[in-house]
>>> print(open('run18.txt').read())   # compact mmCIF, C-alpha atoms
# COMPACT_ATOMS: atom_id res chain seq x y z
CA MET A 433 235.34 89.24 -34.31
CA PHE A 434 234.15 89.55 -30.83
CA LYS A 435 232.16 92.64 -29.71
CA LEU A 436 232.74 93.75 -26.18
CA ARG A 437 229.44 94.15 -24.49
CA LEU A 438 229.50 96.19 -21.37
CA GLU A 439 226.58 95.94 -18.98
CA LYS A 440 225.74 98.49 -16.42
CA PRO A 441 226.09 97.18 -12.94
CA PRO A 442 222.80 96.90 -11.06
CA PHE A 443 221.91 100.04 -9.20
CA VAL A 444 222.31 99.72 -5.48
CA LYS A 445 220.69 102.41 -3.38
CA PRO A 446 223.29 103.75 -1.04
CA ALA A 447 222.59 103.69 2.61
CA PHE A 448 221.42 107.19 3.63
CA ARG A 449 222.40 108.66 6.94
CA LYS A 450 221.40 112.12 8.10
CA PRO A 451 224.30 114.34 8.71
CA ARG A 452 225.06 114.83 12.35
CA LEU A 453 224.62 118.55 11.93
CA LYS A 454 220.98 118.24 10.86
CA LYS A 455 220.23 115.99 13.81
CA LEU A 456 221.74 118.56 16.07
CA ASN A 457 219.64 121.27 14.42
CA PHE A 458 216.53 119.19 14.87
CA ASN A 459 217.29 118.73 18.55
CA LYS A 460 217.90 122.44 18.92
CA ARG A 461 214.53 123.25 17.36
CA LYS A 462 212.85 120.80 19.65
CA ALA A 463 214.63 122.20 22.67
CA LEU A 464 213.72 125.70 21.61
CA LYS A 465 210.08 124.66 21.24
CA TYR A 466 210.03 123.19 24.76
CA THR A 467 211.84 126.22 26.14
CA LEU A 468 209.33 128.60 24.62
CA SER A 469 206.44 126.50 25.93
CA ALA A 470 207.96 126.55 29.39
CA LEU A 471 208.50 130.30 29.23
CA ILE A 472 204.89 130.86 28.12
CA LEU A 473 203.68 128.68 30.98
CA ILE A 474 205.88 130.53 33.47
CA GLY A 475 204.72 133.87 32.05
CA ALA A 476 201.08 132.86 32.33
CA THR A 477 201.64 131.72 35.91
CA LEU A 478 203.36 134.98 36.79
CA SER A 479 200.63 136.97 35.04
CA PHE A 480 197.99 135.10 37.00
CA LYS A 481 199.91 135.69 40.20
CA THR A 482 200.29 139.38 39.33
CA ALA A 483 196.58 139.61 38.57
CA LEU A 484 195.76 138.05 41.92
CA GLU A 485 198.13 140.42 43.68
CA ARG A 486 196.46 143.36 41.96
CA ILE A 487 193.04 142.10 43.00
CA TYR A 488 194.22 141.76 46.59
CA ASP A 489 195.79 145.23 46.44
CA ALA A 490 192.56 146.72 45.04
CA GLU A 491 190.55 145.00 47.74
CA GLU A 492 192.88 146.39 50.39
CA VAL A 493 192.54 149.89 48.94
CA PHE A 494 188.75 149.52 48.83
CA LEU A 495 188.57 148.33 52.41
CA THR A 496 190.90 151.11 53.54
CA ALA A 497 188.86 153.73 51.71
CA ASN A 498 185.69 152.43 53.31
CA ALA A 499 187.21 152.13 56.74
CA GLU A 500 186.13 155.72 57.31
CA GLU A 501 182.41 155.65 58.02
CA LYS A 502 180.32 157.43 55.40
CA LYS A 503 178.64 160.45 56.96
CA LEU A 504 174.99 161.10 56.14
CA PRO A 505 172.75 164.13 56.47
CA ILE A 506 169.25 163.89 57.94
CA TYR A 507 166.73 162.71 55.36
CA SER A 508 163.86 162.04 57.74
CA VAL A 509 163.23 161.79 61.47
CA ASP A 510 161.88 158.98 63.60
CA THR A 511 159.00 160.65 65.41
CA GLU A 512 156.50 159.63 68.06
CA GLY A 513 153.57 161.07 66.12
CA LYS A 514 152.57 161.70 62.52
CA LYS A 515 154.65 164.79 61.81
CA VAL A 516 156.15 166.09 58.58
CA ALA A 517 158.06 169.25 57.64
CA LEU A 518 157.62 171.48 54.59
CA THR A 519 160.88 173.08 53.45
CA PHE A 520 161.54 175.68 50.76
CA ASN A 521 164.86 176.36 49.06
CA ALA A 522 165.25 180.08 48.32
CA ALA A 523 167.81 180.40 45.55
CA TRP A 524 165.77 181.90 42.72
CA GLY A 525 163.42 184.89 42.58
CA SER A 526 161.01 186.22 45.19
CA ASP A 527 157.80 186.74 43.21
CA ASP A 528 155.84 184.00 44.98
CA VAL A 529 156.95 184.66 48.55
CA ASP A 530 153.86 186.65 49.57
CA GLU A 531 151.46 184.09 48.09
CA ILE A 532 153.26 181.18 49.75
CA LEU A 533 153.28 182.95 53.11
CA THR A 534 149.55 183.68 52.79
CA ILE A 535 148.75 180.02 52.02
CA LEU A 536 150.84 178.85 54.97
CA GLU A 537 149.17 181.37 57.29
CA GLU A 538 145.66 180.48 56.12
CA ASN A 539 146.37 176.82 56.87
CA ASP A 540 148.07 177.59 60.20
CA VAL A 541 151.32 175.99 59.04
CA LYS A 542 154.89 176.90 59.93
CA SER A 543 157.67 175.76 57.60
CA THR A 544 161.40 176.14 57.01
CA PHE A 545 163.11 178.32 54.37
CA PHE A 546 166.70 177.63 53.27
CA PHE A 547 168.41 180.82 52.04
CA CYS A 548 171.40 181.32 49.77
CA GLY A 549 173.61 184.25 50.69
CA TYR A 550 172.99 186.12 47.44
CA TRP A 551 169.22 185.73 48.01
CA VAL A 552 169.60 187.36 51.40
CA ASP A 553 171.57 190.18 49.75
CA ARG A 554 168.91 190.75 47.09
CA TYR A 555 165.76 190.28 49.16
CA PRO A 556 166.41 191.30 52.77
CA ASP A 557 162.80 192.47 53.22
CA GLU A 558 161.47 189.05 52.23
CA VAL A 559 163.88 187.39 54.66
CA ARG A 560 162.58 189.62 57.45
CA LYS A 561 158.99 188.94 56.45
CA ILE A 562 159.44 185.16 56.48
CA TYR A 563 161.16 185.34 59.84
CA THR A 564 158.50 187.64 61.30
CA LYS A 565 155.77 185.18 60.23
CA GLY A 566 157.35 182.60 62.53
CA HIS A 567 159.01 180.29 60.01
CA ASP A 568 162.40 178.66 60.50
CA ILE A 569 165.33 180.33 58.75
CA ALA A 570 168.01 177.96 57.44
CA ASN A 571 171.24 177.90 55.44
CA HIS A 572 171.60 176.92 51.76
CA SER A 573 175.21 178.14 51.21
CA ASP A 574 176.43 181.57 50.19
CA THR A 575 176.89 181.18 46.43
CA HIS A 576 175.25 177.80 45.65
CA PRO A 577 178.44 176.02 44.47
CA HIS A 578 179.01 172.30 44.02
CA PRO A 579 180.19 171.54 47.57
CA ASN A 580 181.79 168.21 46.70
CA LEU A 581 184.37 170.13 44.70
CA LEU A 582 185.34 172.33 47.63
CA SER A 583 187.82 171.82 50.44
CA LEU A 584 186.77 171.64 54.07
CA GLU A 585 187.67 175.29 54.63
CA LYS A 586 185.88 176.48 51.49
CA ASN A 587 182.74 174.61 52.53
CA LYS A 588 182.92 176.28 55.92
CA GLU A 589 183.24 179.67 54.25
CA GLU A 590 180.13 179.00 52.18
CA ILE A 591 178.22 178.13 55.33
CA MET A 592 179.49 180.85 57.59
CA ASN A 593 179.29 183.72 55.07
CA VAL A 594 175.52 183.44 54.80
CA HIS A 595 175.32 182.66 58.51
CA GLU A 596 176.84 186.04 59.31
CA LYS A 597 174.58 187.81 56.82
CA VAL A 598 171.44 186.44 58.45
CA LYS A 599 172.81 187.04 61.92
CA GLU A 600 173.50 190.68 61.05
CA LEU A 601 170.08 191.11 59.41
CA LEU A 602 167.92 189.33 61.99
CA GLY A 603 170.10 188.64 65.01
CA TYR A 604 169.25 184.99 64.39
CA GLU A 605 171.63 182.02 64.60
CA MET A 606 170.74 179.46 61.94
CA LYS A 607 171.38 175.78 62.68
CA PHE A 608 170.10 173.76 59.68
CA TYR A 609 172.17 173.46 56.50
CA ARG A 610 171.12 172.02 53.15
CA PRO A 611 173.98 171.61 50.65
CA PRO A 612 173.32 172.95 47.14
CA PHE A 613 172.12 170.41 44.58
CA GLY A 614 171.59 167.95 47.44
CA GLU A 615 175.30 167.20 46.97
CA TYR A 616 177.49 166.01 49.82
CA ASN A 617 180.39 163.86 50.89
CA ASN A 618 182.16 163.39 54.23
CA THR A 619 183.95 166.72 53.85
CA VAL A 620 180.67 168.59 53.33
CA ILE A 621 179.04 166.95 56.32
CA GLN A 622 182.11 167.59 58.46
CA ALA A 623 182.13 171.26 57.44
CA ALA A 624 178.49 171.62 58.46
CA GLU A 625 178.97 169.89 61.79
CA GLU A 626 182.12 171.85 62.64
CA SER A 627 180.21 175.04 61.82
CA GLY A 628 177.53 174.14 64.36
CA TYR A 629 174.94 172.94 61.83
CA TYR A 630 172.70 169.94 61.34
CA PRO A 631 172.98 168.88 57.66
CA VAL A 632 169.49 168.26 56.29
CA GLN A 633 168.28 166.73 53.03
CA TRP A 634 164.76 165.48 52.23
CA ASP A 635 163.05 162.17 51.56
CA VAL A 636 160.07 163.54 49.59
CA ASP A 637 160.79 165.70 46.54
CA SER A 638 157.87 167.64 45.08
CA LEU A 639 159.79 167.91 41.80
CA ASP A 640 158.33 171.40 41.49
CA TRP A 641 161.47 172.52 39.66
CA LYS A 642 160.53 170.25 36.73
CA LYS A 643 157.35 172.28 36.03
CA LEU A 644 155.24 169.17 35.41
CA GLY A 645 151.95 170.78 36.40
CA VAL A 646 149.85 171.38 39.51
CA GLU A 647 148.21 167.94 39.65
CA HIS A 648 151.52 166.19 39.14
CA GLU A 649 153.08 168.13 42.00
CA ILE A 650 150.16 167.35 44.32
CA ASN A 651 150.28 163.65 43.47
CA GLN A 652 154.07 163.57 43.72
CA VAL A 653 153.86 164.58 47.39
CA LEU A 654 150.63 163.02 48.65
CA ASN A 655 151.19 159.62 47.01
CA ASN A 656 154.95 159.53 47.37
CA LYS A 657 156.24 156.10 48.33
CA ASN A 658 158.62 157.70 50.86
CA LEU A 659 155.97 159.78 52.65
CA LYS A 660 155.85 158.70 56.28
CA ASP A 661 156.07 159.95 59.86
CA GLY A 662 159.02 162.32 60.07
CA SER A 663 159.29 163.04 56.34
CA ILE A 664 161.01 166.19 55.14
CA ILE A 665 159.38 167.55 51.97
CA LEU A 666 161.25 169.68 49.43
CA PHE A 667 159.83 172.69 47.59
CA HIS A 668 161.31 175.81 46.00
CA ASN A 669 160.03 179.27 46.78
CA ASP A 670 159.81 180.37 43.15
CA ALA A 671 158.70 177.22 41.29
CA GLU A 672 155.98 177.79 38.71
CA HIS A 673 153.22 175.54 40.09
CA THR A 674 154.03 175.47 43.81
CA PRO A 675 151.68 178.31 44.89
CA ALA A 676 148.72 176.55 43.24
CA ALA A 677 149.71 173.09 44.51
CA LEU A 678 150.64 174.06 48.06
CA GLY A 679 147.13 174.49 49.46
CA PRO A 680 145.84 171.11 48.23
CA ILE A 681 149.04 169.42 49.42
CA ILE A 682 148.65 170.84 52.93
CA LYS A 683 144.99 169.81 52.98
CA GLY A 684 145.86 166.31 51.75
CA LEU A 685 148.61 165.85 54.36
CA LYS A 686 146.24 166.86 57.14
CA GLU A 687 143.59 164.49 55.82
CA GLN A 688 146.16 161.72 56.07
CA GLY A 689 146.61 162.62 59.73
CA TYR A 690 149.90 164.49 59.50
CA GLU A 691 150.80 167.45 61.65
CA ILE A 692 152.96 169.91 59.69
CA VAL A 693 155.79 171.43 61.73
CA PRO A 694 159.00 173.39 61.09
CA LEU A 695 162.31 171.54 61.28
CA SER A 696 163.00 172.99 64.71
CA GLU A 697 160.04 170.93 66.00
CA LEU A 698 160.94 167.79 64.08
CA ILE A 699 164.69 167.26 64.34
CA HIS A 700 166.36 165.84 67.46
CA GLU A 701 169.20 168.12 68.49
CA GLU A 702 171.10 165.74 70.75
CA ASP A 703 171.58 162.11 71.75
CA TYR A 704 170.70 160.64 68.34
CA HIS A 705 172.17 158.59 65.53
CA ILE A 706 171.47 158.44 61.80
CA ASN A 707 170.88 155.04 60.23
CA ASN A 708 172.03 153.94 56.79
CA GLU A 709 168.91 155.42 55.19
CA GLY A 710 169.53 158.87 56.66
CA ARG A 711 166.78 158.53 59.25
CA GLN A 712 167.53 160.34 62.49
CA ILE A 713 166.70 158.21 65.53
CA LEU A 714 167.04 158.92 69.24
CA ASN A 715 169.66 156.75 70.95
CA SER A 716 167.13 155.85 73.60
CA LYS A 717 165.12 154.13 70.87
CA LYS A 718 168.24 152.17 69.89
CA GLU A 719 168.79 151.11 73.49
CA GLU A 720 165.19 149.90 73.75
CA THR A 721 165.38 147.80 70.59
CA GLY A 722 169.05 146.91 70.60
CA LEU A 723 169.22 147.96 66.95
CA PHE A 724 171.02 150.81 65.22
CA ASN A 725 168.64 150.98 62.29
>>> encode(input="run18.txt", output="structure tokens")
Amino acid sequence: MFKLRLEKPPFVKPAFRKPRLKKLNFNKRKALKYTLSALILIGATLSFKTALERIYDAEEVFLTANAEEKKLPIYSVDTEGKKVALTFNAAWGSDDVDEILTILEENDVKSTFFFCGYWVDRYPDEVRKIYTKGHDIANHSDTHPHPNLLSLEKNKEEIMNVHEKVKELLGYEMKFYRPPFGEYNNTVIQAAEESGYYPVQWDVDSLDWKKLGVEHEINQVLNNKNLKDGSIILFHNDAEHTPAALGPIIKGLKEQGYEIVPLSELIHEEDYHINNEGRQILNSKKEETGLFN
């Protein structure tokens, strides 16, 4: 009897073809990838352009802000001879006034005192005494505020309030103004000028307010890198070591050949300009040299 033997047909791998849908999906992913890349590139380009525009805008703002010339007070004066000025801010007590006046008188020196309005209120006799001794009387604001925080009109009030106090007390019209804290901007300088004042700073600081000792104060002035013809030197009338340091400082300045004068004999009151270091220079000097500085 025959047995039927069935054999499996040989396996033939069917031809495989990706469905059309998957190919379309693949193309979509690729397109999306390129689209995103293009968008990123465009975004980066726009961001760069925006950044450049912002830089240009900032530069324009900076140039516009600096188009207005920065006003400066007088830090020092271009002088024909070796002259310097001693100045005292009077905003604290009055205990050392008599001693300072005696030292100045013994050394035949006239100086300049800058008064705050409240100091004039508290010590009118000292104000009279200083004035009677032949020293310059000057303005240091009425209440010693931060002038940069004040408007133009408020700065004028600070100047003119103490101006009227001194005028009523002495019959004297002050003309030199030193802003409190040595602080100023264009508004402060404008307020001083419109009030009829010369704004005055200093180029040599005794640092007496730091209470670093007599010898330090002497050295700080006599060996100061900024000390030169026309220097304006800052002291305070009630600093701890100033009475003891003042005599040796005056002697040392004279030994260096300096004549010590009040501001009224140092500062030019007309036909001048101030260079970018705050040095006051006669215009005739500029015309001779052809230079502004």
>>> atom_distance(input="run18.txt", atom1="CA of Ile665 in chain A", atom2="CA of Met606 in chain A")
19.2 Å
>>> atom_distance(input="run18.txt", atom1="CA of Gln633 in chain A", atom2="CA of Arg610 in chain A")
6.0 Å
>>> atom_distance(input="run18.txt", atom1="CA of Lys588 in chain A", atom2="CA of Glu615 in chain A")
14.9 Å
>>> closest_residue(input="run18.txt", among="A:Pro577, A:Glu691, A:Lys503, A:Asp510", to="Ser716 in chain A", atoms="all atoms listed in the file")
A:Asp510
>>> residues_around(input="run18.txt", residues="range 597-603 of chain A", least_positions_apart="3", cutoff="10 Å", atoms="all atoms listed in the file", output="list in words")
Phe547, Gly549, Tyr550, Val552, Asp553, Pro556, Asp557, Val559, Arg560, Tyr563, Thr564, Ile569, Ala570, Asn571, Asp574, Met592, Asn593, Val594 and Met606 of chain A
>>> residues_near_point(input="run18.txt", point="(156.8, 168.3, 44.3)", cutoff="12 Å", atoms="all atoms listed in the file", output="ChimeraX atom specification")
/A:518-520,634-656,659,664-669,671-678,680-681
>>> closest_residue(input="run18.txt", among="A:Glu702, A:Glu596, A:Glu590, A:Glu605", to="Val620 in chain A", atoms="all atoms listed in the file")
A:Glu590
>>> build_atoms(input="run18.txt", residues="range 516-536 of chain A", atoms="N, CA, C and O atoms", output="mmCIF file, in the frame of the given file")
data_model
loop_
_atom_site.group_PDB
_atom_site.id
_atom_site.type_symbol
_atom_site.label_atom_id
_atom_site.label_comp_id
_atom_site.auth_asym_id
_atom_site.auth_seq_id
_atom_site.Cartn_x
_atom_site.Cartn_y
_atom_site.Cartn_z
ATOM 1 N N VAL A 516 155.317 165.874 59.762
ATOM 2 C CA VAL A 516 156.150 166.090 58.580
ATOM 3 C C VAL A 516 156.555 167.561 58.544
ATOM 4 O O VAL A 516 155.940 168.401 59.213
ATOM 5 N N ALA A 517 157.587 167.862 57.765
ATOM 6 C CA ALA A 517 158.060 169.250 57.640
ATOM 7 C C ALA A 517 158.059 169.670 56.180
ATOM 8 O O ALA A 517 158.517 168.920 55.315
ATOM 9 N N LEU A 518 157.531 170.876 55.913
ATOM 10 C CA LEU A 518 157.620 171.480 54.590
ATOM 11 C C LEU A 518 158.847 172.393 54.577
ATOM 12 O O LEU A 518 159.012 173.218 55.471
ATOM 13 N N THR A 519 159.682 172.240 53.553
ATOM 14 C CA THR A 519 160.880 173.080 53.450
ATOM 15 C C THR A 519 160.947 173.703 52.064
ATOM 16 O O THR A 519 160.584 173.074 51.063
ATOM 17 N N PHE A 520 161.434 174.943 52.018
ATOM 18 C CA PHE A 520 161.540 175.680 50.760
ATOM 19 C C PHE A 520 162.970 176.165 50.557
ATOM 20 O O PHE A 520 163.520 176.852 51.418
ATOM 21 N N ASN A 521 163.554 175.815 49.417
ATOM 22 C CA ASN A 521 164.860 176.360 49.060
ATOM 23 C C ASN A 521 164.667 177.712 48.380
ATOM 24 O O ASN A 521 163.912 177.811 47.404
ATOM 25 N N ALA A 522 165.347 178.733 48.894
ATOM 26 C CA ALA A 522 165.250 180.080 48.320
ATOM 27 C C ALA A 522 166.560 180.419 47.623
ATOM 28 O O ALA A 522 167.507 180.902 48.244
ATOM 29 N N ALA A 523 166.598 180.129 46.328
ATOM 30 C CA ALA A 523 167.810 180.400 45.550
ATOM 31 C C ALA A 523 167.474 181.122 44.249
ATOM 32 O O ALA A 523 168.379 181.505 43.515
ATOM 33 N N TRP A 524 166.181 181.272 43.974
ATOM 34 C CA TRP A 524 165.770 181.900 42.720
ATOM 35 C C TRP A 524 165.180 183.274 43.013
ATOM 36 O O TRP A 524 165.722 184.022 43.811
ATOM 37 N N GLY A 525 164.048 183.585 42.384
ATOM 38 C CA GLY A 525 163.420 184.890 42.580
ATOM 39 C C GLY A 525 162.592 184.954 43.859
ATOM 40 O O GLY A 525 162.634 184.049 44.700
ATOM 41 N N SER A 526 161.815 186.036 43.977
ATOM 42 C CA SER A 526 161.010 186.220 45.190
ATOM 43 C C SER A 526 159.542 186.536 44.882
ATOM 44 O O SER A 526 158.784 186.911 45.765
ATOM 45 N N ASP A 527 159.136 186.345 43.624
ATOM 46 C CA ASP A 527 157.800 186.740 43.210
ATOM 47 C C ASP A 527 156.682 186.029 43.976
ATOM 48 O O ASP A 527 155.615 186.609 44.184
ATOM 49 N N ASP A 528 156.909 184.789 44.367
ATOM 50 C CA ASP A 528 155.840 184.000 44.980
ATOM 51 C C ASP A 528 155.874 183.993 46.506
ATOM 52 O O ASP A 528 155.058 183.309 47.132
ATOM 53 N N VAL A 529 156.798 184.718 47.093
ATOM 54 C CA VAL A 529 156.950 184.660 48.550
ATOM 55 C C VAL A 529 155.671 185.064 49.265
ATOM 56 O O VAL A 529 155.201 184.361 50.188
ATOM 57 N N ASP A 530 155.064 186.178 48.890
ATOM 58 C CA ASP A 530 153.860 186.650 49.570
ATOM 59 C C ASP A 530 152.723 185.635 49.461
ATOM 60 O O ASP A 530 152.008 185.386 50.442
ATOM 61 N N GLU A 531 152.533 185.070 48.284
ATOM 62 C CA GLU A 531 151.460 184.090 48.090
ATOM 63 C C GLU A 531 151.703 182.841 48.931
ATOM 64 O O GLU A 531 150.774 182.305 49.547
ATOM 65 N N ILE A 532 152.933 182.366 48.947
ATOM 66 C CA ILE A 532 153.260 181.180 49.750
ATOM 67 C C ILE A 532 153.030 181.461 51.235
ATOM 68 O O ILE A 532 152.445 180.630 51.957
ATOM 69 N N LEU A 533 153.476 182.604 51.697
ATOM 70 C CA LEU A 533 153.280 182.950 53.110
ATOM 71 C C LEU A 533 151.793 183.053 53.458
ATOM 72 O O LEU A 533 151.364 182.637 54.546
ATOM 73 N N THR A 534 150.994 183.579 52.548
ATOM 74 C CA THR A 534 149.550 183.680 52.790
ATOM 75 C C THR A 534 148.916 182.302 52.892
ATOM 76 O O THR A 534 148.096 182.045 53.793
ATOM 77 N N ILE A 535 149.289 181.389 51.997
ATOM 78 C CA ILE A 535 148.750 180.020 52.020
ATOM 79 C C ILE A 535 149.130 179.319 53.322
ATOM 80 O O ILE A 535 148.305 178.649 53.957
ATOM 81 N N LEU A 536 150.383 179.473 53.724
ATOM 82 C CA LEU A 536 150.840 178.850 54.970
ATOM 83 C C LEU A 536 150.073 179.415 56.159
ATOM 84 O O LEU A 536 149.645 178.670 57.062
#
